[in-house]
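Printed here is start34.txt (compact mmCIF, C-alpha atoms (C1' of nucleotides) and all ligand atoms):
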```txt
# COMPACT_ATOMS: atom_id res chain seq x y z
CA MET A 1 6.96 -18.32 71.11
CA GLU A 2 6.26 -15.16 69.17
CA GLU A 3 7.73 -12.27 70.98
CA TYR A 4 4.97 -9.95 69.89
CA ALA A 5 2.34 -12.22 71.41
CA ASP A 6 4.06 -12.02 74.76
CA ILE A 7 4.23 -8.29 74.56
CA PHE A 8 0.56 -8.06 73.71
CA ARG A 9 -0.45 -10.47 76.45
CA LYS A 10 1.55 -8.51 78.99
CA TYR A 11 0.01 -5.27 77.87
CA LEU A 12 -3.50 -6.70 78.07
CA ASP A 13 -2.87 -8.17 81.51
CA LYS A 14 -1.60 -4.90 82.80
CA GLN A 15 -4.78 -3.24 81.61
CA GLY A 16 -7.09 -5.93 82.97
CA LEU A 17 -8.01 -6.91 79.41
CA LYS A 18 -8.35 -10.40 77.96
CA PHE A 19 -6.38 -12.09 75.25
CA THR A 20 -9.29 -13.28 73.16
CA GLN A 21 -9.45 -15.29 69.98
CA PRO A 22 -10.33 -12.32 67.76
CA ARG A 23 -7.42 -10.39 69.21
CA ARG A 24 -5.12 -13.31 68.43
CA TYR A 25 -6.26 -13.40 64.82
CA ILE A 26 -5.71 -9.69 64.46
CA LEU A 27 -2.30 -9.76 66.09
CA ASP A 28 -1.11 -12.66 63.94
CA GLU A 29 -2.33 -11.14 60.73
CA VAL A 30 -0.71 -7.83 61.55
CA PHE A 31 2.62 -9.56 61.91
CA GLN A 32 2.21 -11.64 58.79
CA MET A 33 1.77 -8.52 56.74
CA HIS A 34 4.78 -6.50 55.79
CA THR A 35 3.07 -3.54 54.24
CA HIS A 36 1.03 -0.64 55.45
CA PHE A 37 -2.60 -1.57 55.98
CA ASN A 38 -5.88 0.02 56.94
CA ALA A 39 -8.56 -1.41 59.17
CA GLU A 40 -10.64 -2.88 56.39
CA GLU A 41 -7.74 -4.49 54.58
CA LEU A 42 -6.73 -6.12 57.80
CA TYR A 43 -10.28 -7.29 58.36
CA ASP A 44 -10.56 -8.73 54.84
CA ARG A 45 -7.34 -10.70 55.19
CA ILE A 46 -8.42 -12.24 58.45
CA ARG A 47 -11.88 -12.87 57.06
CA SER A 48 -10.42 -14.88 54.21
CA LYS A 49 -9.16 -17.34 56.81
CA THR A 50 -11.91 -17.37 59.40
CA ASN A 51 -15.31 -15.92 60.09
CA GLU A 52 -14.63 -15.39 63.75
CA ILE A 53 -13.93 -11.71 63.39
CA SER A 54 -15.79 -8.47 62.80
CA LEU A 55 -14.74 -5.14 61.46
CA ALA A 56 -15.76 -3.44 64.69
CA THR A 57 -13.37 -5.62 66.63
CA VAL A 58 -10.57 -4.76 64.26
CA TYR A 59 -11.28 -1.08 64.83
CA ARG A 60 -11.39 -1.70 68.56
CA THR A 61 -8.13 -3.62 68.61
CA ILE A 62 -5.91 -1.32 66.61
CA PRO A 63 -5.70 1.27 69.41
CA LEU A 64 -4.63 -1.50 71.77
CA LEU A 65 -1.84 -2.54 69.44
CA LEU A 66 -0.74 1.07 69.18
CA GLU A 67 -0.75 1.46 72.95
CA ALA A 68 1.17 -1.77 73.33
CA GLY A 69 3.84 -0.39 71.02
CA LEU A 70 3.38 -3.17 68.48
CA VAL A 71 1.91 -1.07 65.72
CA GLN A 72 2.40 2.48 64.61
CA ARG A 73 0.45 4.86 62.44
CA ALA A 74 2.13 4.87 59.05
CA ASP A 75 0.24 7.29 56.85
CA ARG A 76 -3.17 8.35 55.67
CA SER A 77 -4.22 7.68 52.14
CA GLU A 78 -7.61 7.89 50.49
CA GLY A 79 -9.13 9.20 53.68
CA ARG A 80 -8.18 6.20 55.75
CA GLU A 81 -5.61 5.74 58.46
CA ARG A 82 -2.94 3.22 57.64
CA TYR A 83 -0.74 1.34 60.04
CA GLU A 84 2.23 -0.95 60.08
CA HIS A 85 3.65 -3.33 62.62
CA ILE A 86 6.89 -2.60 64.39
CA PHE A 87 9.22 -5.56 64.04
CA GLY A 88 12.69 -4.85 62.89
CA HIS A 89 10.90 -1.82 61.51
CA PRO A 90 11.95 0.96 63.77
CA LYS A 91 10.86 4.47 62.95
CA HIS A 92 11.71 5.36 59.39
CA ILE A 93 11.14 8.06 56.83
CA HIS A 94 8.36 7.57 54.31
CA TRP A 95 8.90 8.81 50.78
CA VAL A 96 5.65 8.84 48.88
CA CYS A 97 5.44 9.43 45.15
CA ARG A 98 2.50 11.67 44.36
CA ASN A 99 2.31 10.27 40.88
CA CYS A 100 2.46 6.49 41.15
CA GLY A 101 1.95 6.11 44.88
CA ALA A 102 5.23 4.28 45.33
CA LEU A 103 6.34 4.09 48.94
CA LEU A 104 10.00 4.10 49.88
CA GLU A 105 11.38 3.85 53.37
CA THR A 106 14.73 4.98 54.71
CA ASP A 107 16.49 5.21 57.97
CA LEU A 108 15.66 7.97 60.38
CA ASN A 109 18.89 7.63 62.32
CA THR A 110 20.91 10.17 60.39
CA LEU A 111 18.43 12.82 61.47
CA TYR A 112 18.49 12.04 65.16
CA PRO A 113 21.45 14.23 66.14
CA ALA A 114 19.90 17.35 64.67
CA LEU A 115 16.53 16.49 66.18
CA ALA A 116 18.02 15.73 69.57
CA LYS A 117 19.70 19.10 69.63
CA GLN A 118 16.47 20.90 68.92
CA ALA A 119 14.66 18.80 71.49
CA LYS A 120 17.21 19.73 74.07
CA ASP A 121 16.90 23.41 73.31
CA LEU A 122 13.13 23.16 73.60
CA LYS A 123 13.36 20.98 76.71
CA PHE A 124 10.99 18.71 74.86
CA LYS A 125 10.98 14.98 75.47
CA PRO A 126 10.34 13.28 72.11
CA GLU A 127 8.41 10.04 72.14
CA ASP A 128 7.25 9.60 68.60
CA ILE A 129 8.51 10.97 65.31
CA GLU A 130 6.65 11.07 62.05
CA LEU A 131 8.47 12.15 58.95
CA SER A 132 7.11 11.84 55.45
CA VAL A 133 8.28 13.33 52.22
CA LYS A 134 6.01 13.68 49.24
CA GLY A 135 7.37 14.17 45.78
CA LEU A 136 8.29 12.25 42.67
CA CYS A 137 10.02 8.93 42.63
CA TRP A 138 12.74 8.04 40.24
CA LYS A 139 10.41 6.52 37.68
CA CYS A 140 7.97 9.41 37.72
CA ASN A 141 10.50 12.22 37.51
CA PRO A 142 11.17 12.81 33.79
CA ASN A 143 14.28 14.87 34.39
CA GLU A 144 15.83 12.20 36.50
CA ASN A 145 15.85 9.57 33.79
CA GLU A 146 18.19 11.50 31.53
CA ASN A 147 20.60 14.27 32.34
CA GLN A 148 19.78 17.50 34.06
CA SER A 149 17.50 19.80 32.10
CA ASP A 150 15.73 22.32 34.21
CA GLU A 151 12.71 23.10 32.10
CA LYS A 152 10.06 25.25 33.71
CA MET B 1 -1.59 45.33 48.03
CA GLU B 2 -1.49 42.08 49.90
CA GLU B 3 0.99 39.82 48.23
CA TYR B 4 -1.03 36.74 49.00
CA ALA B 5 -4.06 38.15 47.20
CA ASP B 6 -2.01 38.64 44.07
CA ILE B 7 -0.74 35.11 44.28
CA PHE B 8 -4.22 33.75 44.69
CA ARG B 9 -5.62 35.84 41.87
CA LYS B 10 -2.87 34.71 39.54
CA TYR B 11 -3.44 31.11 40.49
CA LEU B 12 -7.17 31.41 39.89
CA ASP B 13 -6.68 33.14 36.56
CA LYS B 14 -4.32 30.47 35.39
CA GLN B 15 -6.96 27.86 36.20
CA GLY B 16 -9.79 29.79 34.63
CA LEU B 17 -11.36 30.29 38.04
CA LYS B 18 -12.88 33.45 39.47
CA PHE B 19 -11.83 35.56 42.41
CA THR B 20 -15.18 35.74 44.15
CA GLN B 21 -16.30 37.44 47.32
CA PRO B 22 -16.45 34.26 49.40
CA ARG B 23 -12.95 33.36 48.29
CA ARG B 24 -11.76 36.80 49.34
CA TYR B 25 -13.26 36.40 52.80
CA ILE B 26 -11.64 33.03 53.18
CA LEU B 27 -8.27 34.19 51.96
CA ASP B 28 -8.25 37.22 54.24
CA GLU B 29 -9.29 35.27 57.28
CA VAL B 30 -6.65 32.64 56.63
CA PHE B 31 -3.98 35.31 56.67
CA GLN B 32 -5.34 37.06 59.71
CA MET B 33 -5.03 33.87 61.72
CA HIS B 34 -1.66 32.83 62.99
CA THR B 35 -2.55 29.41 64.29
CA HIS B 36 -3.47 26.07 62.85
CA PHE B 37 -7.15 25.89 61.90
CA ASN B 38 -9.65 23.42 60.56
CA ALA B 39 -12.38 24.06 58.05
CA GLU B 40 -15.10 24.70 60.57
CA GLU B 41 -13.04 27.03 62.74
CA LEU B 42 -12.23 29.04 59.66
CA TYR B 43 -15.90 29.09 58.71
CA ASP B 44 -16.97 30.24 62.19
CA ARG B 45 -14.49 33.06 62.22
CA ILE B 46 -15.64 34.37 58.86
CA ARG B 47 -19.25 33.86 59.86
CA SER B 48 -18.78 36.08 62.87
CA LYS B 49 -18.06 38.91 60.46
CA THR B 50 -20.40 38.24 57.57
CA ASN B 51 -23.11 35.87 56.46
CA GLU B 52 -21.90 35.71 52.91
CA ILE B 53 -20.15 32.43 53.33
CA SER B 54 -20.99 28.76 53.66
CA LEU B 55 -19.12 25.82 55.08
CA ALA B 56 -19.25 24.06 51.73
CA THR B 57 -17.42 26.92 50.12
CA VAL B 58 -14.76 26.84 52.80
CA TYR B 59 -14.24 23.16 52.11
CA ARG B 60 -14.12 23.86 48.40
CA THR B 61 -11.64 26.69 48.74
CA ILE B 62 -9.04 25.08 50.96
CA PRO B 63 -7.77 22.79 48.19
CA LEU B 64 -7.35 25.84 45.99
CA LEU B 65 -5.26 27.58 48.63
CA LEU B 66 -3.15 24.46 48.99
CA GLU B 67 -2.64 24.25 45.25
CA ALA B 68 -1.77 27.92 45.10
CA GLY B 69 0.93 27.32 47.70
CA LEU B 70 -0.63 29.74 50.18
CA VAL B 71 -1.68 27.17 52.75
CA GLN B 72 -0.25 23.90 53.88
CA ARG B 73 -1.60 20.95 55.80
CA ALA B 74 -0.36 21.33 59.36
CA ASP B 75 -1.65 18.36 61.32
CA ARG B 76 -4.68 16.28 62.09
CA SER B 77 -6.24 16.47 65.51
CA GLU B 78 -9.56 15.17 66.75
CA GLY B 79 -10.26 13.58 63.43
CA ARG B 80 -10.02 16.80 61.48
CA GLU B 81 -7.47 18.13 59.08
CA ARG B 82 -5.82 21.31 60.21
CA TYR B 83 -4.07 23.86 58.06
CA GLU B 84 -1.92 26.94 58.37
CA HIS B 85 -1.04 29.73 56.02
CA ILE B 86 2.44 30.09 54.60
CA PHE B 87 3.73 33.58 55.18
CA GLY B 88 7.14 33.89 56.67
CA HIS B 89 6.17 30.41 57.87
CA PRO B 90 8.19 28.11 55.69
CA LYS B 91 8.10 24.41 56.40
CA HIS B 92 8.85 23.73 60.02
CA ILE B 93 8.89 20.95 62.55
CA HIS B 94 5.87 20.53 64.79
CA TRP B 95 6.44 19.49 68.37
CA VAL B 96 3.18 18.45 69.97
CA CYS B 97 2.82 17.78 73.68
CA ARG B 98 0.62 14.74 74.21
CA ASN B 99 -0.30 15.98 77.66
CA CYS B 100 -1.26 19.64 77.34
CA GLY B 101 -1.50 19.87 73.56
CA ALA B 102 1.10 22.61 73.40
CA LEU B 103 2.42 23.17 69.91
CA LEU B 104 5.97 24.28 69.31
CA GLU B 105 7.55 24.98 65.97
CA THR B 106 11.18 24.94 64.95
CA ASP B 107 13.21 25.31 61.88
CA LEU B 108 13.49 22.46 59.43
CA ASN B 109 16.64 23.78 57.80
CA THR B 110 19.14 21.93 59.93
CA LEU B 111 17.68 18.67 58.67
CA TYR B 112 17.83 19.47 54.99
CA PRO B 113 21.38 18.29 54.31
CA ALA B 114 20.71 14.83 55.67
CA LEU B 115 17.39 14.65 53.85
CA ALA B 116 18.89 15.88 50.60
CA LYS B 117 21.50 13.18 50.73
CA GLN B 118 18.90 10.46 51.18
CA ALA B 119 16.79 11.96 48.43
CA LYS B 120 19.73 11.88 46.09
CA ASP B 121 20.47 8.27 46.88
CA LEU B 122 16.84 7.37 46.23
CA LYS B 123 16.69 9.56 43.13
CA PHE B 124 13.58 10.99 44.73
CA LYS B 125 12.51 14.56 44.06
CA PRO B 126 11.09 15.93 47.33
CA GLU B 127 8.32 18.46 47.07
CA ASP B 128 6.76 18.48 50.49
CA ILE B 129 8.07 17.51 53.91
CA GLU B 130 6.01 16.81 56.98
CA LEU B 131 7.78 16.28 60.26
CA SER B 132 6.07 16.12 63.60
CA VAL B 133 7.33 14.99 66.95
CA LYS B 134 5.00 13.94 69.71
CA GLY B 135 6.13 13.83 73.30
CA LEU B 136 6.15 15.88 76.45
CA CYS B 137 6.79 19.56 76.60
CA TRP B 138 8.90 21.21 79.20
CA LYS B 139 5.99 21.89 81.52
CA CYS B 140 4.56 18.42 81.31
CA ASN B 141 7.77 16.49 81.78
CA PRO B 142 8.27 16.06 85.54
CA ASN B 143 11.92 15.06 85.23
CA GLU B 144 12.74 18.10 83.24
CA ASN B 145 11.73 20.59 85.90
CA GLU B 146 14.40 19.48 88.35
CA ASN B 147 17.68 17.71 87.73
CA GLN B 148 18.16 14.52 85.84
CA SER B 149 16.66 11.45 87.51
CA ASP B 150 16.05 8.59 85.17
CA GLU B 151 13.32 6.75 86.98
CA LYS B 152 11.69 3.95 85.01
C1' DT C 1 -23.18 49.70 30.30
C1' DA C 2 -25.76 45.52 28.78
C1' DC C 3 -25.21 40.70 27.40
C1' DT C 4 -23.62 36.11 27.88
C1' DA C 5 -21.18 32.02 28.62
C1' DT C 6 -19.37 29.93 32.66
C1' DA C 7 -17.89 29.30 37.08
C1' DT C 8 -19.69 29.53 41.80
C1' DT C 9 -22.60 29.48 45.61
C1' DG C 10 -25.65 27.89 49.56
C1' DA C 11 -28.52 24.26 51.36
C1' DG C 12 -29.14 20.07 52.18
C1' DA C 13 -28.53 15.29 50.93
C1' DA C 14 -25.11 11.74 50.38
C1' DT C 15 -20.72 9.40 51.56
C1' DC C 16 -18.10 6.71 54.11
C1' DA C 17 -14.60 5.78 57.77
C1' DT C 18 -14.89 5.15 62.46
C1' DT C 19 -17.66 4.71 66.95
C1' DT C 20 -21.08 3.20 69.74
C1' DA C 21 -25.20 0.73 71.96
C1' DC C 22 -26.75 -3.48 73.45
C1' DA C 23 -27.85 -8.18 74.19
C1' DA C 24 -25.39 -12.58 73.81
C1' DT C 25 -20.90 -14.85 74.73
C1' DA C 26 -16.12 -15.75 76.00
C1' DT C 27 -12.45 -15.38 79.30
C1' DG C 28 -9.67 -16.02 83.47
C1' DA C 29 -9.75 -16.45 88.20
C1' DT C 30 -11.52 -18.88 92.08
C1' DA D 1 -17.83 -25.78 87.41
C1' DT D 2 -19.08 -21.06 88.76
C1' DC D 3 -19.01 -16.18 88.34
C1' DA D 4 -17.96 -11.45 87.70
C1' DT D 5 -16.35 -8.96 83.83
C1' DA D 6 -14.60 -7.98 79.59
C1' DT D 7 -15.66 -8.79 74.73
C1' DT D 8 -18.02 -9.62 70.62
C1' DG D 9 -21.06 -9.08 66.44
C1' DT D 10 -24.72 -6.56 64.53
C1' DA D 11 -26.70 -2.65 63.35
C1' DA D 12 -27.40 1.99 64.15
C1' DA D 13 -25.15 6.46 65.04
C1' DT D 14 -21.73 9.88 64.31
C1' DG D 15 -19.30 13.30 62.06
C1' DA D 16 -16.12 15.22 58.71
C1' DT D 17 -16.03 15.92 54.02
C1' DT D 18 -18.05 15.72 49.38
C1' DC D 19 -21.60 16.13 46.14
C1' DT D 20 -26.09 17.66 43.75
C1' DC D 21 -28.59 21.17 41.78
C1' DA D 22 -31.11 25.26 40.98
C1' DA D 23 -30.15 30.16 41.66
C1' DT D 24 -26.47 33.76 41.23
C1' DA D 25 -22.10 36.12 40.54
C1' DT D 26 -18.16 37.01 37.67
C1' DA D 27 -15.44 38.64 33.86
C1' DG D 28 -14.93 39.25 29.23
C1' DT D 29 -17.12 41.26 25.08
C1' DA D 30 -20.02 44.18 22.33
MN MN E 201 6.53 2.21 56.81
MN MN E 202 2.73 25.12 62.09
ZN ZN E 203 6.31 7.38 41.20
ZN ZN E 204 2.66 19.89 77.69
```
Would you mind giving the structure from this file in structure tokens?
Amino acid sequence: MEEYADIFRKYLDKQGLKFTQPRRYILDEVFQMHTHFNAEELYDRIRSKTNEISLATVYRTIPLLLEAGLVQRADRSEGRERYEHIFGHPKHIHWVCRNCGALLETDLNTLYPALAKQAKDLKFKPEDIELSVKGLCWKCNPNENENQSDEK
Amino acid sequence: MEEYADIFRKYLDKQGLKFTQPRRYILDEVFQMHTHFNAEELYDRIRSKTNEISLATVYRTIPLLLEAGLVQRADRSEGRERYEHIFGHPKHIHWVCRNCGALLETDLNTLYPALAKQAKDLKFKPEDIELSVKGLCWKCNPNENENQSDEK
DNA sequence: TACTATATTGAGAATCATTTACAATATGAT
DNA sequence: ATCATATTGTAAATGATTCTCAATATAGTA
């Protein structure tokens, strides 16, 4: 049924690994969430539904999901790695407000041509792109709410 | 003399902080290195020249250098934050080979127009951009050494 | 130059996210 | 149903970074 489950099962098979119950719980929860998450948040959400899971297993499973191409590293905040599933969520740009923590996401496509050209010049074969922009969001940028007024 | 020392001193003054000997050692070493470094590497290098330094002070000083705009976060490898000084090294793209670890750097300028447009649409005020591309470098990409041959 | 109010330092303890060891258990194939 | 392995939960270990605190350095002032 779920495409992601097939992908995971195939990946596990290929590696001689087993599609266990804890791994199912983790996989399903990852795809029910539509935000960035860290290992403990993921664990807590699953834990609220079943006890058949441990934090260690969550930590052990995340690398498998990354390898399987189902999850990608999203950012790092408060000293913890955060992830997000890939599901109609191809690579995108992250815009993070340093004031309120707001997270915006935009398309990465418009940057591909310029990146591809550089890659070609370098003879570098890109596999994974991470682009994040820190700054101030609309709400947190005082100058943006009114007109322009470049105070120092 | 050194421009960066003036910048640091001014930053410290403004914050009511002092330009101490350990901070001088750290600052100088940071600008004598032309690679990415983590806190302990920086500490070891200074330690090989003098004993008047501690790892704790290195950890305490890095945030000051970041705030002063003299150093920027470069990447994270092996679970450690890595930094680099800014000195004729404006923001650039990092190309990291997942096979040999080679690190290439290219200009970020060609991407600015596209980014600026998105920023404007979002009403987001960018302050810091981090762009890294993981993949295979020239030497580690078998197909690249000969002609094109898109094997699966 | 001496004095003084603070900021800073080094050492080591404390944190805390992530890993790991290990004995008990689940899985998938036969 | 059996069996060889992979996996799990628990608890301990690891390791980078931060913090505590008493001793010291710094920079301004007299
Ligand atoms: Mn995202
Ligand atoms: Mn760099
Ligand atoms: Zn904001
Ligand atoms: Zn390489």
Practice task
Within 10 Å of chain C, which residues of chain A are there when counting all atoms listed in the file? Please give them as a PyMOL selection string.
Solution key: chain A and resi 17-21+39-40+56+59-60+79-81
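Using only C-alpha atoms and all ligand atoms for every distance, the candidate list B:Leu55, B:Leu122, B:Ala102, B:Cys140 yields B:Leu122 as the residue closest to ligand ZN 203 (chain E).
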What are the coordinates of chain A as a short mmCIF file (atom, residue, chain, number, x, y, z; two decimals) with C-alpha atoms, in the coordinates of the input following a least-squares fit to chain B on all in-order C-alpha atoms?
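For reference, out29.cif as written:
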```cif
data_model
loop_
_atom_site.label_atom_id
_atom_site.label_comp_id
_atom_site.auth_asym_id
_atom_site.auth_seq_id
_atom_site.Cartn_x
_atom_site.Cartn_y
_atom_site.Cartn_z
CA MET A 1 -1.59 45.24 47.76
CA GLU A 2 -1.49 41.97 49.64
CA GLU A 3 0.95 39.70 48.00
CA TYR A 4 -1.07 36.63 48.82
CA ALA A 5 -4.11 38.04 47.04
CA ASP A 6 -2.09 38.45 43.88
CA ILE A 7 -0.83 34.94 44.11
CA PHE A 8 -4.32 33.60 44.60
CA ARG A 9 -5.74 35.66 41.76
CA LYS A 10 -3.01 34.46 39.44
CA TYR A 11 -3.60 30.88 40.42
CA LEU A 12 -7.34 31.19 39.86
CA ASP A 13 -6.86 32.86 36.50
CA LYS A 14 -4.54 30.16 35.35
CA GLN A 15 -7.17 27.59 36.23
CA GLY A 16 -10.05 29.50 34.64
CA LEU A 17 -11.55 30.06 38.09
CA LYS A 18 -13.07 33.25 39.48
CA PHE A 19 -11.97 35.39 42.36
CA THR A 20 -15.29 35.60 44.14
CA GLN A 21 -16.35 37.39 47.28
CA PRO A 22 -16.50 34.24 49.42
CA ARG A 23 -13.02 33.31 48.28
CA ARG A 24 -11.80 36.76 49.26
CA TYR A 25 -13.25 36.42 52.74
CA ILE A 26 -11.64 33.04 53.17
CA LEU A 27 -8.27 34.17 51.89
CA ASP A 28 -8.22 37.24 54.13
CA GLU A 29 -9.23 35.35 57.21
CA VAL A 30 -6.62 32.70 56.57
CA PHE A 31 -3.94 35.36 56.53
CA GLN A 32 -5.26 37.14 59.59
CA MET A 33 -4.93 33.98 61.60
CA HIS A 34 -1.56 32.94 62.85
CA THR A 35 -2.43 29.57 64.24
CA HIS A 36 -3.38 26.22 62.85
CA PHE A 37 -7.05 26.02 61.96
CA ASN A 38 -9.59 23.54 60.69
CA ALA A 39 -12.35 24.16 58.20
CA GLU A 40 -15.03 24.86 60.76
CA GLU A 41 -12.94 27.23 62.83
CA LEU A 42 -12.17 29.16 59.72
CA TYR A 43 -15.83 29.22 58.81
CA ASP A 44 -16.87 30.42 62.27
CA ARG A 45 -14.38 33.28 62.23
CA ILE A 46 -15.56 34.50 58.87
CA ARG A 47 -19.16 34.03 59.91
CA SER A 48 -18.66 36.31 62.88
CA LYS A 49 -17.96 39.10 60.41
CA THR A 50 -20.33 38.37 57.56
CA ASN A 51 -23.05 35.98 56.54
CA GLU A 52 -21.89 35.77 52.97
CA ILE A 53 -20.15 32.46 53.42
CA SER A 54 -20.99 28.80 53.84
CA LEU A 55 -19.12 25.91 55.29
CA ALA A 56 -19.26 24.06 51.99
CA THR A 57 -17.47 26.91 50.28
CA VAL A 58 -14.78 26.87 52.92
CA TYR A 59 -14.29 23.16 52.30
CA ARG A 60 -14.22 23.81 48.58
CA THR A 61 -11.71 26.63 48.84
CA ILE A 62 -9.10 25.05 51.06
CA PRO A 63 -7.85 22.71 48.31
CA LEU A 64 -7.45 25.74 46.05
CA LEU A 65 -5.34 27.51 48.64
CA LEU A 66 -3.23 24.39 49.02
CA GLU A 67 -2.76 24.11 45.27
CA ALA A 68 -1.88 27.78 45.07
CA GLY A 69 0.85 27.21 47.64
CA LEU A 70 -0.67 29.66 50.10
CA VAL A 71 -1.69 27.14 52.72
CA GLN A 72 -0.26 23.88 53.89
CA ARG A 73 -1.60 20.97 55.87
CA ALA A 74 -0.33 21.38 59.41
CA ASP A 75 -1.60 18.45 61.42
CA ARG A 76 -4.62 16.39 62.27
CA SER A 77 -6.16 16.62 65.67
CA GLU A 78 -9.47 15.36 66.98
CA GLY A 79 -10.21 13.73 63.67
CA ARG A 80 -10.02 16.93 61.68
CA GLU A 81 -7.46 18.21 59.24
CA ARG A 82 -5.77 21.40 60.30
CA TYR A 83 -4.02 23.91 58.12
CA GLU A 84 -1.89 26.99 58.36
CA HIS A 85 -1.02 29.75 55.96
CA ILE A 86 2.44 30.07 54.52
CA PHE A 87 3.73 33.58 55.09
CA GLY A 88 7.12 33.92 56.58
CA HIS A 89 6.21 30.46 57.79
CA PRO A 90 8.26 28.18 55.66
CA LYS A 91 8.21 24.49 56.39
CA HIS A 92 8.94 23.81 60.02
CA ILE A 93 8.97 21.00 62.52
CA HIS A 94 5.95 20.57 64.75
CA TRP A 95 6.50 19.46 68.33
CA VAL A 96 3.24 18.41 69.90
CA CYS A 97 2.86 17.69 73.59
CA ARG A 98 0.67 14.65 74.10
CA ASN A 99 -0.26 15.84 77.54
CA CYS A 100 -1.23 19.50 77.26
CA GLY A 101 -1.48 19.80 73.50
CA ALA A 102 1.13 22.54 73.36
CA LEU A 103 2.47 23.14 69.88
CA LEU A 104 6.03 24.26 69.31
CA GLU A 105 7.60 25.00 65.97
CA THR A 106 11.24 24.96 64.97
CA ASP A 107 13.29 25.36 61.90
CA LEU A 108 13.57 22.53 59.43
CA ASN A 109 16.72 23.88 57.82
CA THR A 110 19.22 22.02 59.95
CA LEU A 111 17.77 18.77 58.65
CA TYR A 112 17.94 19.62 54.98
CA PRO A 113 21.50 18.45 54.31
CA ALA A 114 20.84 14.97 55.63
CA LEU A 115 17.52 14.82 53.79
CA ALA A 116 19.03 16.07 50.56
CA LYS A 117 21.65 13.37 50.69
CA GLN A 118 19.06 10.66 51.09
CA ALA A 119 16.95 12.18 48.34
CA LYS A 120 19.90 12.13 46.03
CA ASP A 121 20.65 8.51 46.77
CA LEU A 122 17.02 7.62 46.11
CA LYS A 123 16.88 9.84 43.03
CA PHE A 124 13.77 11.25 44.62
CA LYS A 125 12.69 14.82 43.99
CA PRO A 126 11.25 16.16 47.27
CA GLU A 127 8.44 18.67 47.03
CA ASP A 128 6.87 18.65 50.43
CA ILE A 129 8.17 17.64 53.84
CA GLU A 130 6.12 16.91 56.90
CA LEU A 131 7.88 16.35 60.17
CA SER A 132 6.16 16.15 63.52
CA VAL A 133 7.41 15.00 66.86
CA LYS A 134 5.08 13.91 69.60
CA GLY A 135 6.18 13.77 73.18
CA LEU A 136 6.18 15.80 76.35
CA CYS A 137 6.81 19.48 76.55
CA TRP A 138 8.90 21.09 79.19
CA LYS A 139 5.98 21.78 81.50
CA CYS A 140 4.55 18.29 81.23
CA ASN A 141 7.77 16.36 81.71
CA PRO A 142 8.23 15.91 85.48
CA ASN A 143 11.86 14.90 85.20
CA GLU A 144 12.73 17.96 83.24
CA ASN A 145 11.69 20.41 85.92
CA GLU A 146 14.28 19.22 88.41
CA ASN A 147 17.48 17.32 87.86
CA GLN A 148 17.84 14.04 86.08
CA SER A 149 16.19 11.11 87.82
CA ASP A 150 15.47 8.23 85.56
CA GLU A 151 12.64 6.52 87.37
CA LYS A 152 10.93 3.72 85.51
#
```
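Residues of protein, DNA or RNA having any atom at most 7 Å from ligand MN 202 (chain E), counting all atoms listed in the file, are B:His36, B:Ala74, B:Glu84, B:His92, B:His94, B:Glu105.
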Produce the centre coordinates and the three edge lengths, each in Å to one decimal, of the box along x, y and z that contains all listed atoms of region 28-41 of chain A with 3 Å added on each side, as AutoDock Vina command-line options.
```
--center_x -2.9 --center_y -6.3 --center_z 59.1 --size_x 21.4 --size_y 18.7 --size_z 15.7
```
Which residues are near ligand MN 201 (chain E) - at most 10 Å, using all atoms listed in the file? Format: as a short mmCIF file (atom, residue, chain, number, x, y, z; two decimals) with C-alpha atoms, in the coordinates of the input.
```
data_model
loop_
_atom_site.label_atom_id
_atom_site.label_comp_id
_atom_site.auth_asym_id
_atom_site.auth_seq_id
_atom_site.Cartn_x
_atom_site.Cartn_y
_atom_site.Cartn_z
CA HIS A 34 4.78 -6.50 55.79
CA THR A 35 3.07 -3.54 54.24
CA HIS A 36 1.03 -0.64 55.45
CA PHE A 37 -2.60 -1.57 55.98
CA GLN A 72 2.40 2.48 64.61
CA ARG A 73 0.45 4.86 62.44
CA ALA A 74 2.13 4.87 59.05
CA ASP A 75 0.24 7.29 56.85
CA ARG A 82 -2.94 3.22 57.64
CA TYR A 83 -0.74 1.34 60.04
CA GLU A 84 2.23 -0.95 60.08
CA HIS A 85 3.65 -3.33 62.62
CA ILE A 86 6.89 -2.60 64.39
CA HIS A 89 10.90 -1.82 61.51
CA PRO A 90 11.95 0.96 63.77
CA LYS A 91 10.86 4.47 62.95
CA HIS A 92 11.71 5.36 59.39
CA ILE A 93 11.14 8.06 56.83
CA HIS A 94 8.36 7.57 54.31
CA TRP A 95 8.90 8.81 50.78
CA LEU A 103 6.34 4.09 48.94
CA LEU A 104 10.00 4.10 49.88
CA GLU A 105 11.38 3.85 53.37
CA THR A 106 14.73 4.98 54.71
CA SER A 132 7.11 11.84 55.45
#
```
Problem - Residue hits in chain D, query chain A, radius 9 Å, all atoms listed in the file, as a ChimeraX atom specification - result: /D:6-9
Please produce, as CSV, a per-residue contact table for chain A versus ligand ZN 204 (chain E) (criterion: any atom at most 12 Å away, all atoms listed in the file considered), showing the nearest atom pair and its distance in Å to one decimal, sorted by chain then residue number.
```
residue,atom,partner,partner_atom,distance
A:Leu122,CA,E:ZN204,ZN,11.7
A:Lys123,CA,E:ZN204,ZN,10.8
A:Phe124,CA,E:ZN204,ZN,8.9
A:Lys125,CA,E:ZN204,ZN,9.9
A:Pro126,CA,E:ZN204,ZN,11.6
```
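Distances to chain B were evaluated for A:Lys134, A:Lys139, A:Arg9, A:Arg24 using all atoms listed in the file, and the minimum falls at A:Lys134.
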Problem - Test item: residues lying within 8 Å of ligand ZN 203 (chain E) with all atoms listed in the file, as a PyMOL selection string - result: chain A and resi 96-102+136-141
